[in-house]
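So the structure is just underneath, and the comments pick up after that.
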Amino acid sequence: MKNIVVTGGTSGIGLALARICRDRGDNVLVIAPDPAKGERFIEESENKGAGKRVFFIPADLSLVGENERVIDEIGDTFTTVDALVLCARFFRSYRRVTAEGFEHNFALYYLSRFLLSHGLVEPMRRAGAAAILNVAGPGVAAGRIHWDDLELEHGYNGWEAMFQGGKLNNLLGVSWAAAHGGQGVGYVLQFPGGTRTGLAGEFDPETAAQVEQMKQGATKSAEDSAGPLVDVIDNPPAEPLTALWEDRPISLDDGSFDAEDAARLHRLTEKLLSRR
Ligand SMILES: NC(=O)c1ccc[n+]([C@@H]2O[C@H](COP(=O)([O-])OP(=O)(O)OC[C@H]3O[C@@H](n4cnc5c(N)ncnc54)[C@H](OP(=O)(O)O)[C@@H]3O)[C@@H](O)[C@H]2O)c1
C-alpha cells in the first residue's frame with residue numbers, strides 16, 4: 001500500500017490516476033480547487049469502502065501561500081510519500097495576475113510544481129524508493145523560455161505561456177535532480193500525449209475552437225494516459241531524472257535540459273519567491 005499525492009486530482013488524468021490507485025488499495029490524497037468535486041471523490045470512495053484511504057485538500061495552487069499550507073497538511077496526513085503526481089494546470093487566453101502578483105500560468109504550472117517538488121523531499125526520502133511525476137511537456141518542440149520576461153508581461157499569449165511552462169518544468173527537473181538526486185527519489189518528466197480530458201481554461205473564441213478540435217482529435221482516454229504513470233509509481237526509476245514521451249524514455253540532450261539554464265532558473269525563481 002503506497003501513499004500517493006495527486007495535484008489536479010479531481011479531473012482528467014489526475015482523477016483517473018487517483019481512482020486507479022485508490023481501487024487497488026493505495027492511500028490517495030488529492031489536491032484541487034473545487035470543494036464540491038473533492039467531496040464527490042470522497043463520497044465515491046466511501047461508496048466503494050475506501051473512504052478511510054482517501055483525502056482531499058481544497059487549494060488554489062496558483063498561490064504560493066496555498067502551496068506552503070498544502071505541504072504542511074500533507075505532512076500531517078502522511079509520514080512518507082511514495083509518489084507526488086503533478087497534474088494541476090489551467091489554460092488562460094487572457095493574462096491574469098494572482099493576488100500575490102505572479103502571472104497565473106507561471107504560478108500554477110511552474111511555481112507550484114517548484115514548491116511542491118522541493119517542499120516534499122523529506123517525506124519522499126523516508127519512503128525509501130519514491131517518484132515525482134511532473135506531467136507536462138518534455139519532448140515538445142514548441143515554445144521557448146523568455147528569460148527577460150518570464151511572466152510574459154509583454155505580448156502575452158496563452159499557448160506561449162503554456163509551452164514556456166513546459167520548458168520551465170524541464171529545467172525544474174534538472175535542478176531538482178542536481179540538488180536531491182541519488183537519495184531514493186526519481187524525478188520523472190512526462191508528456192502524456194493528446195488525451196480526452198476537460199482541458200480546463202478560460203479561452204478566447206479562437207482558442208476555444210482549437211481546444212474543442214484537440215478534444216475531438218485526442219485518441220486516448222484519461223485512463224489510458226494514467227497507465228504509464230502507475231507503472232512509474234510501481235517502479236520508481238533509480239536515475240535522478242528521466243523524461244518520458246507517454247511511456248517511452250526520451251533523450252535529455254535536446255537543449256531543453258541544460259544544467260546552466262536550470263541553475264539560472266533556480267536562482268531566478270528563488271529571487272522571485274523572496275519578493276513575497
Ligand atoms: N490532456 C492532454 O492532452 C495533455 C497534453 C499534454 C500535457 N498534458 C498535461 O497533463 C496534465 C493533466 O492534464 P489534464 O488534461 O488531465 O488536465 P485537466 O483535465 O484540465 O485537469 C486539470 C486539473 O487541475 C486542476 N486545477 C485547475 N486550476 C487549479 C488551481 N488553481 N489549483 C489547483 N488545481 C487546479 C483542475 O481542477 P478542476 O477539477 O476543479 O477543474 C483539474 O483537476 C497537465 O499538467 C497538462 O499540462 C495534458
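Letters for chains follow the order of the C-alpha cells (A, B, ...), residue numbers begin at 1 for each chain, and ligand numbers begin at 1 in the order shown.
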
Can you tell me which residues sit at most 8 Å away from ligand 1, counting only C-alpha atoms and all ligand atoms, written as a ChimeraX atom specification? /A:7-15,31-34,37,58-63,86-91,108-109,134-137,162,166,191-201,214-215,218,222

Polymer residues at most 10 Å from Ser117 (chain A), only C-alpha atoms, same-chain spacing of 2 or more positions, as a VMD selection string: chain A and resid 71 84 to 86 111 to 115 119 to 121 124 132 to 134 172 to 173 176 187

Can you write just those residues out, C-alpha atoms, as a PDB file, in the first residue's frame?
```
ATOM      1  CA  ILE A  71       2.914  20.933   2.121  1.00  0.00           C
ATOM      2  CA  LEU A  84       3.896  13.018  -5.952  1.00  0.00           C
ATOM      3  CA  VAL A  85       1.941  13.413  -9.191  1.00  0.00           C
ATOM      4  CA  LEU A  86       1.746  16.963 -10.575  1.00  0.00           C
ATOM      5  CA  LEU A 111       5.961  27.833  -9.311  1.00  0.00           C
ATOM      6  CA  SER A 112       3.559  25.406  -7.602  1.00  0.00           C
ATOM      7  CA  ARG A 113       5.469  22.437  -9.035  1.00  0.00           C
ATOM      8  CA  PHE A 114       8.750  24.010  -7.881  1.00  0.00           C
ATOM      9  CA  LEU A 115       7.430  24.477  -4.340  1.00  0.00           C
ATOM     10  CA  GLY A 119       8.907  21.009  -0.235  1.00  0.00           C
ATOM     11  CA  LEU A 120       8.079  17.293  -0.105  1.00  0.00           C
ATOM     12  CA  VAL A 121      11.605  15.896  -0.419  1.00  0.00           C
ATOM     13  CA  MET A 124       9.597  11.137  -0.109  1.00  0.00           C
ATOM     14  CA  ILE A 132       7.880  12.710  -8.536  1.00  0.00           C
ATOM     15  CA  LEU A 133       5.832  12.617 -11.727  1.00  0.00           C
ATOM     16  CA  ASN A 134       5.690  16.056 -13.314  1.00  0.00           C
ATOM     17  CA  LEU A 172      12.960  22.275 -12.748  1.00  0.00           C
ATOM     18  CA  GLY A 173      13.578  18.542 -13.208  1.00  0.00           C
ATOM     19  CA  TRP A 176      15.820  19.258  -8.646  1.00  0.00           C
ATOM     20  CA  TYR A 187      12.222  12.886 -10.847  1.00  0.00           C
TER      21      TYR A 187
END
```

Straight-line distance linking CA of Ala83 (chain A) with CA of Asp23 (chain A), stated in Å to one decimal: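 Interatomic distance, CA of Ala83 (chain A) to CA of Asp23 (chain A): 16.1 Å.
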
Write down as a PyMOL selection string the residues of region 44-153 of chain A whose backbone DSSP state falls under strand (DSSP E or B). chain A and resi 54-58+83-86+91-92+97+103+130-135

File dump, residues just selected, C-alpha atoms, as a PDB file, in the first residue's frame:
```
ATOM      1  CA  VAL A  54      -8.806   8.875   0.569  1.00  0.00           C
ATOM      2  CA  PHE A  55      -8.087  12.505   1.465  1.00  0.00           C
ATOM      3  CA  PHE A  56      -8.889  15.829  -0.210  1.00  0.00           C
ATOM      4  CA  ILE A  57      -7.234  19.201   0.345  1.00  0.00           C
ATOM      5  CA  PRO A  58      -9.022  22.092  -1.368  1.00  0.00           C
ATOM      6  CA  ALA A  83       4.600   9.348  -5.313  1.00  0.00           C
ATOM      7  CA  LEU A  84       3.896  13.018  -5.952  1.00  0.00           C
ATOM      8  CA  VAL A  85       1.941  13.413  -9.191  1.00  0.00           C
ATOM      9  CA  LEU A  86       1.746  16.963 -10.575  1.00  0.00           C
ATOM     10  CA  PHE A  91      -5.107  27.474 -19.616  1.00  0.00           C
ATOM     11  CA  ARG A  92      -5.622  31.227 -19.856  1.00  0.00           C
ATOM     12  CA  VAL A  97      -2.018  38.075 -12.207  1.00  0.00           C
ATOM     13  CA  GLU A 103       1.297  35.662 -13.733  1.00  0.00           C
ATOM     14  CA  ALA A 130       9.763   7.198  -4.489  1.00  0.00           C
ATOM     15  CA  ALA A 131       8.995   9.218  -7.610  1.00  0.00           C
ATOM     16  CA  ILE A 132       7.880  12.710  -8.536  1.00  0.00           C
ATOM     17  CA  LEU A 133       5.832  12.617 -11.727  1.00  0.00           C
ATOM     18  CA  ASN A 134       5.690  16.056 -13.314  1.00  0.00           C
ATOM     19  CA  VAL A 135       3.101  15.621 -16.080  1.00  0.00           C
TER      20      VAL A 135
END
```

Output as a PyMOL selection string all residues of region 132-198 of chain A that backbone DSSP marks as helix (DSSP H, G or I). chain A and resi 158-180

Would you export the selected residues with N, CA, C and O atoms as a tab-separated table (two decimals), in the first residue's frame, please?
```tsv
chain	number	residue	atom	x	y	z
A	158	GLY	N	-1.68	32.78	-24.58
A	158	GLY	CA	-1.94	31.61	-23.75
A	158	GLY	C	-1.12	30.39	-24.14
A	158	GLY	O	-0.62	29.66	-23.28
A	159	TRP	N	-0.99	30.16	-25.45
A	159	TRP	CA	-0.21	29.00	-25.90
A	159	TRP	C	1.26	29.16	-25.52
A	159	TRP	O	1.91	28.21	-25.06
A	160	GLU	N	1.76	30.39	-25.75
A	160	GLU	CA	3.17	30.66	-25.43
A	160	GLU	C	3.42	30.44	-23.93
A	160	GLU	O	4.43	29.85	-23.53
A	161	ALA	N	2.46	30.91	-23.11
A	161	ALA	CA	2.60	30.73	-21.66
A	161	ALA	C	2.63	29.23	-21.32
A	161	ALA	O	3.44	28.79	-20.50
A	162	MET	N	1.76	28.46	-21.97
A	162	MET	CA	1.71	27.02	-21.67
A	162	MET	C	2.99	26.32	-22.14
A	162	MET	O	3.58	25.52	-21.40
A	163	PHE	N	3.43	26.63	-23.37
A	163	PHE	CA	4.64	25.94	-23.87
A	163	PHE	C	5.87	26.35	-23.06
A	163	PHE	O	6.74	25.53	-22.78
A	164	GLN	N	5.94	27.64	-22.71
A	164	GLN	CA	7.07	28.06	-21.87
A	164	GLN	C	7.03	27.29	-20.54
A	164	GLN	O	8.07	26.86	-20.03
A	165	GLY	N	5.82	27.13	-19.98
A	165	GLY	CA	5.69	26.41	-18.72
A	165	GLY	C	6.28	25.00	-18.82
A	165	GLY	O	6.95	24.53	-17.90
A	166	GLY	N	6.05	24.34	-19.94
A	166	GLY	CA	6.63	23.00	-20.13
A	166	GLY	C	8.16	23.05	-20.07
A	166	GLY	O	8.80	22.23	-19.42
A	167	LYS	N	8.73	24.07	-20.74
A	167	LYS	CA	10.20	24.20	-20.75
A	167	LYS	C	10.73	24.51	-19.35
A	167	LYS	O	11.79	24.02	-18.95
A	168	LEU	N	10.00	25.34	-18.60
A	168	LEU	CA	10.43	25.66	-17.23
A	168	LEU	C	10.41	24.40	-16.37
A	168	LEU	O	11.30	24.17	-15.54
A	169	ASN	N	9.41	23.56	-16.58
A	169	ASN	CA	9.35	22.31	-15.80
A	169	ASN	C	10.49	21.36	-16.18
A	169	ASN	O	11.00	20.64	-15.32
A	170	ASN	N	10.90	21.37	-17.46
A	170	ASN	CA	12.07	20.55	-17.82
A	170	ASN	C	13.28	20.97	-16.98
A	170	ASN	O	14.01	20.14	-16.43
A	171	LEU	N	13.49	22.29	-16.89
A	171	LEU	CA	14.65	22.79	-16.13
A	171	LEU	C	14.47	22.55	-14.63
A	171	LEU	O	15.45	22.31	-13.91
A	172	LEU	N	13.22	22.60	-14.16
A	172	LEU	CA	12.96	22.28	-12.75
A	172	LEU	C	13.44	20.84	-12.47
A	172	LEU	O	14.09	20.58	-11.45
A	173	GLY	N	13.13	19.93	-13.39
A	173	GLY	CA	13.58	18.54	-13.21
A	173	GLY	C	15.10	18.46	-13.11
A	173	GLY	O	15.64	17.75	-12.25
A	174	VAL	N	15.80	19.22	-13.96
A	174	VAL	CA	17.27	19.17	-13.97
A	174	VAL	C	17.83	19.70	-12.64
A	174	VAL	O	18.70	19.06	-12.02
A	175	SER	N	17.33	20.86	-12.19
A	175	SER	CA	17.92	21.43	-10.96
A	175	SER	C	17.48	20.64	-9.72
A	175	SER	O	18.25	20.50	-8.77
A	176	TRP	N	16.27	20.09	-9.77
A	176	TRP	CA	15.82	19.26	-8.65
A	176	TRP	C	16.73	18.03	-8.54
A	176	TRP	O	17.18	17.67	-7.44
A	177	ALA	N	16.99	17.38	-9.68
A	177	ALA	CA	17.82	16.17	-9.67
A	177	ALA	C	19.25	16.49	-9.21
A	177	ALA	O	19.87	15.70	-8.50
A	178	ALA	N	19.75	17.67	-9.60
A	178	ALA	CA	21.10	18.05	-9.18
A	178	ALA	C	21.15	18.25	-7.66
A	178	ALA	O	22.13	17.90	-7.00
A	179	ALA	N	20.07	18.76	-7.10
A	179	ALA	CA	20.06	19.04	-5.66
A	179	ALA	C	19.73	17.79	-4.83
A	179	ALA	O	20.28	17.61	-3.75
A	180	HIS	N	18.82	16.95	-5.32
A	180	HIS	CA	18.29	15.88	-4.46
A	180	HIS	C	18.46	14.47	-5.04
A	180	HIS	O	18.02	13.51	-4.40
```

Compare A:Glu246, A:Gln213, A:Glu151, A:Gly181 by their minimum atom-to-atom distance to Leu272 (chain A), counting only C-alpha atoms, and give me the closest one. A:Glu151

Selection: 10 Å around Gly101 (chain A), only C-alpha atoms, excl. self and same-chain fewer than 3 positions, as a PyMOL selection string: chain A and resi 63+96-98+104+107+275-276

Go ahead and save the picked residues with C-alpha atoms, as a compact mmCIF listing (two decimals), in the first residue's frame.
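In the end it all went to part23.txt:
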```txt
# COMPACT_ATOMS: atom_id res chain seq x y z
CA LEU A 63 -0.87 30.87 -4.72
CA ARG A 96 -4.10 37.26 -15.26
CA VAL A 97 -2.02 38.07 -12.21
CA THR A 98 -2.61 36.29 -8.89
CA HIS A 104 -1.26 32.86 -13.29
CA ALA A 107 2.39 30.46 -10.85
CA ARG A 275 9.91 39.16 -3.11
CA ARG A 276 6.78 37.94 -1.29
```

Straight-line distance linking CA of Val30 (chain A) with CA of Ala127 (chain A), stated in Å to one decimal: 18.6 Å

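Using only C-alpha atoms for every distance, the candidate list A:Ser225, A:Thr79, A:Asn27, A:Asn157 yields A:Ser225 as the residue closest to Gln190 (chain A).
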
Could you jot down the CA of Arg264 (chain A) to CA of Val64 (chain A) separation for me, Å, one decimal place? 20.4 Å

Got a sec: who's within 12 Å of Lys48 (chain A), counting only C-alpha atoms, leaving out chain neighbours fewer than 5 positions off, as a list in words?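 These residues fall inside the cut-off: Arg19, Arg22, Asp23, Arg24, Gly25, Phe41, Ile42, Glu43, Arg53 and Val54 of chain A.
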
Write to file, as a PDB file, in the first residue's frame, the residues of the selection just made, with all heavy atoms.
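Printed below is again36.pdb as written:
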```
ATOM      1  N   ARG A  19      -8.134   7.386  -9.070  1.00  0.00           N
ATOM      2  CA  ARG A  19      -9.097   6.270  -8.965  1.00  0.00           C
ATOM      3  C   ARG A  19      -8.382   4.915  -9.068  1.00  0.00           C
ATOM      4  O   ARG A  19      -8.675   3.991  -8.313  1.00  0.00           O
ATOM      5  CB  ARG A  19     -10.137   6.375 -10.083  1.00  0.00           C
ATOM      6  CG  ARG A  19     -11.190   7.434  -9.800  1.00  0.00           C
ATOM      7  CD  ARG A  19     -12.180   7.502 -10.942  1.00  0.00           C
ATOM      8  NE  ARG A  19     -13.344   8.296 -10.598  1.00  0.00           N
ATOM      9  CZ  ARG A  19     -14.017   9.044 -11.463  1.00  0.00           C
ATOM     10  NH1 ARG A  19     -13.635   9.106 -12.735  1.00  0.00           N
ATOM     11  NH2 ARG A  19     -15.076   9.724 -11.073  1.00  0.00           N
ATOM     12  N   ARG A  22      -6.496   4.309  -5.831  1.00  0.00           N
ATOM     13  CA  ARG A  22      -7.451   4.024  -4.751  1.00  0.00           C
ATOM     14  C   ARG A  22      -8.027   2.606  -4.890  1.00  0.00           C
ATOM     15  O   ARG A  22      -8.074   1.845  -3.929  1.00  0.00           O
ATOM     16  CB  ARG A  22      -8.602   5.043  -4.813  1.00  0.00           C
ATOM     17  CG  ARG A  22      -9.719   4.772  -3.828  1.00  0.00           C
ATOM     18  CD  ARG A  22     -10.990   5.480  -4.231  1.00  0.00           C
ATOM     19  NE  ARG A  22     -11.528   4.981  -5.499  1.00  0.00           N
ATOM     20  CZ  ARG A  22     -12.447   5.614  -6.230  1.00  0.00           C
ATOM     21  NH1 ARG A  22     -12.909   6.776  -5.821  1.00  0.00           N
ATOM     22  NH2 ARG A  22     -12.893   5.085  -7.364  1.00  0.00           N
ATOM     23  N   ASP A  23      -8.448   2.252  -6.106  1.00  0.00           N
ATOM     24  CA  ASP A  23      -9.141   0.977  -6.293  1.00  0.00           C
ATOM     25  C   ASP A  23      -8.233  -0.227  -6.079  1.00  0.00           C
ATOM     26  O   ASP A  23      -8.708  -1.334  -5.840  1.00  0.00           O
ATOM     27  CB  ASP A  23      -9.788   0.921  -7.697  1.00  0.00           C
ATOM     28  CG  ASP A  23     -10.931   1.925  -7.812  1.00  0.00           C
ATOM     29  OD1 ASP A  23     -11.351   2.464  -6.759  1.00  0.00           O
ATOM     30  OD2 ASP A  23     -11.398   2.192  -8.941  1.00  0.00           O
ATOM     31  N   ARG A  24      -6.932  -0.020  -6.166  1.00  0.00           N
ATOM     32  CA  ARG A  24      -6.045  -1.172  -5.927  1.00  0.00           C
ATOM     33  C   ARG A  24      -5.511  -1.171  -4.499  1.00  0.00           C
ATOM     34  O   ARG A  24      -4.689  -2.018  -4.132  1.00  0.00           O
ATOM     35  CB  ARG A  24      -4.901  -1.184  -6.929  1.00  0.00           C
ATOM     36  CG  ARG A  24      -3.928  -0.056  -6.709  1.00  0.00           C
ATOM     37  CD  ARG A  24      -2.853  -0.017  -7.744  1.00  0.00           C
ATOM     38  NE  ARG A  24      -1.721   0.756  -7.249  1.00  0.00           N
ATOM     39  CZ  ARG A  24      -0.534   0.730  -7.784  1.00  0.00           C
ATOM     40  NH1 ARG A  24      -0.299  -0.017  -8.841  1.00  0.00           N
ATOM     41  NH2 ARG A  24       0.439   1.446  -7.275  1.00  0.00           N
ATOM     42  N   GLY A  25      -5.949  -0.183  -3.683  1.00  0.00           N
ATOM     43  CA  GLY A  25      -5.634  -0.267  -2.253  1.00  0.00           C
ATOM     44  C   GLY A  25      -4.654   0.758  -1.730  1.00  0.00           C
ATOM     45  O   GLY A  25      -4.286   0.723  -0.551  1.00  0.00           O
ATOM     46  N   PHE A  41     -15.454  13.047  -4.953  1.00  0.00           N
ATOM     47  CA  PHE A  41     -14.436  11.992  -4.984  1.00  0.00           C
ATOM     48  C   PHE A  41     -14.435  11.219  -3.653  1.00  0.00           C
ATOM     49  O   PHE A  41     -14.339   9.995  -3.633  1.00  0.00           O
ATOM     50  CB  PHE A  41     -13.051  12.595  -5.271  1.00  0.00           C
ATOM     51  CG  PHE A  41     -11.958  11.567  -5.355  1.00  0.00           C
ATOM     52  CD1 PHE A  41     -11.971  10.578  -6.329  1.00  0.00           C
ATOM     53  CD2 PHE A  41     -10.901  11.580  -4.450  1.00  0.00           C
ATOM     54  CE1 PHE A  41     -10.967   9.618  -6.401  1.00  0.00           C
ATOM     55  CE2 PHE A  41      -9.895  10.636  -4.510  1.00  0.00           C
ATOM     56  CZ  PHE A  41      -9.926   9.652  -5.486  1.00  0.00           C
ATOM     57  N   ILE A  42     -14.590  11.958  -2.556  1.00  0.00           N
ATOM     58  CA  ILE A  42     -14.623  11.306  -1.232  1.00  0.00           C
ATOM     59  C   ILE A  42     -15.857  10.401  -1.134  1.00  0.00           C
ATOM     60  O   ILE A  42     -15.758   9.244  -0.710  1.00  0.00           O
ATOM     61  CB  ILE A  42     -14.671  12.377  -0.107  1.00  0.00           C
ATOM     62  CG1 ILE A  42     -13.415  13.250  -0.126  1.00  0.00           C
ATOM     63  CG2 ILE A  42     -14.919  11.737   1.260  1.00  0.00           C
ATOM     64  CD1 ILE A  42     -12.190  12.642   0.487  1.00  0.00           C
ATOM     65  N   GLU A  43     -17.024  10.935  -1.560  1.00  0.00           N
ATOM     66  CA  GLU A  43     -18.272  10.149  -1.489  1.00  0.00           C
ATOM     67  C   GLU A  43     -18.170   8.876  -2.331  1.00  0.00           C
ATOM     68  O   GLU A  43     -18.547   7.793  -1.895  1.00  0.00           O
ATOM     69  CB  GLU A  43     -19.425  10.989  -2.036  1.00  0.00           C
ATOM     70  CG  GLU A  43     -20.277  11.607  -0.941  1.00  0.00           C
ATOM     71  CD  GLU A  43     -21.377  12.436  -1.559  1.00  0.00           C
ATOM     72  OE1 GLU A  43     -22.077  11.944  -2.487  1.00  0.00           O
ATOM     73  OE2 GLU A  43     -21.493  13.585  -1.133  1.00  0.00           O
ATOM     74  N   ARG A  53      -9.103   5.668   3.181  1.00  0.00           N
ATOM     75  CA  ARG A  53      -7.805   5.744   2.490  1.00  0.00           C
ATOM     76  C   ARG A  53      -7.726   6.938   1.533  1.00  0.00           C
ATOM     77  O   ARG A  53      -6.754   7.055   0.785  1.00  0.00           O
ATOM     78  CB  ARG A  53      -7.548   4.447   1.701  1.00  0.00           C
ATOM     79  CG  ARG A  53      -7.297   3.231   2.572  1.00  0.00           C
ATOM     80  CD  ARG A  53      -6.904   2.026   1.753  1.00  0.00           C
ATOM     81  NE  ARG A  53      -8.009   1.482   0.976  1.00  0.00           N
ATOM     82  CZ  ARG A  53      -8.193   1.670  -0.324  1.00  0.00           C
ATOM     83  NH1 ARG A  53      -7.334   2.386  -1.009  1.00  0.00           N
ATOM     84  NH2 ARG A  53      -9.234   1.138  -0.940  1.00  0.00           N
ATOM     85  N   VAL A  54      -8.756   7.778   1.543  1.00  0.00           N
ATOM     86  CA  VAL A  54      -8.806   8.875   0.569  1.00  0.00           C
ATOM     87  C   VAL A  54      -8.908  10.221   1.287  1.00  0.00           C
ATOM     88  O   VAL A  54      -9.661  10.364   2.246  1.00  0.00           O
ATOM     89  CB  VAL A  54     -10.001   8.647  -0.384  1.00  0.00           C
ATOM     90  CG1 VAL A  54     -10.292   9.885  -1.196  1.00  0.00           C
ATOM     91  CG2 VAL A  54      -9.681   7.481  -1.321  1.00  0.00           C
TER      92      VAL A  54
END
```

Name the residues in contact with Asp231 (chain A) at a cut-off of 10 Å, using only C-alpha atoms, excluding same-chain residues fewer than 5 positions from it; report them as a list of chain:residue names.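 These residues fall inside the cut-off: A:Ala226, A:Pro236, A:Asp247.
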
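Nearest to Phe102 (chain A) of all the residues A:Pro249, A:Glu153, A:Gly128, A:Asp82 is A:Glu153, counting only C-alpha atoms.
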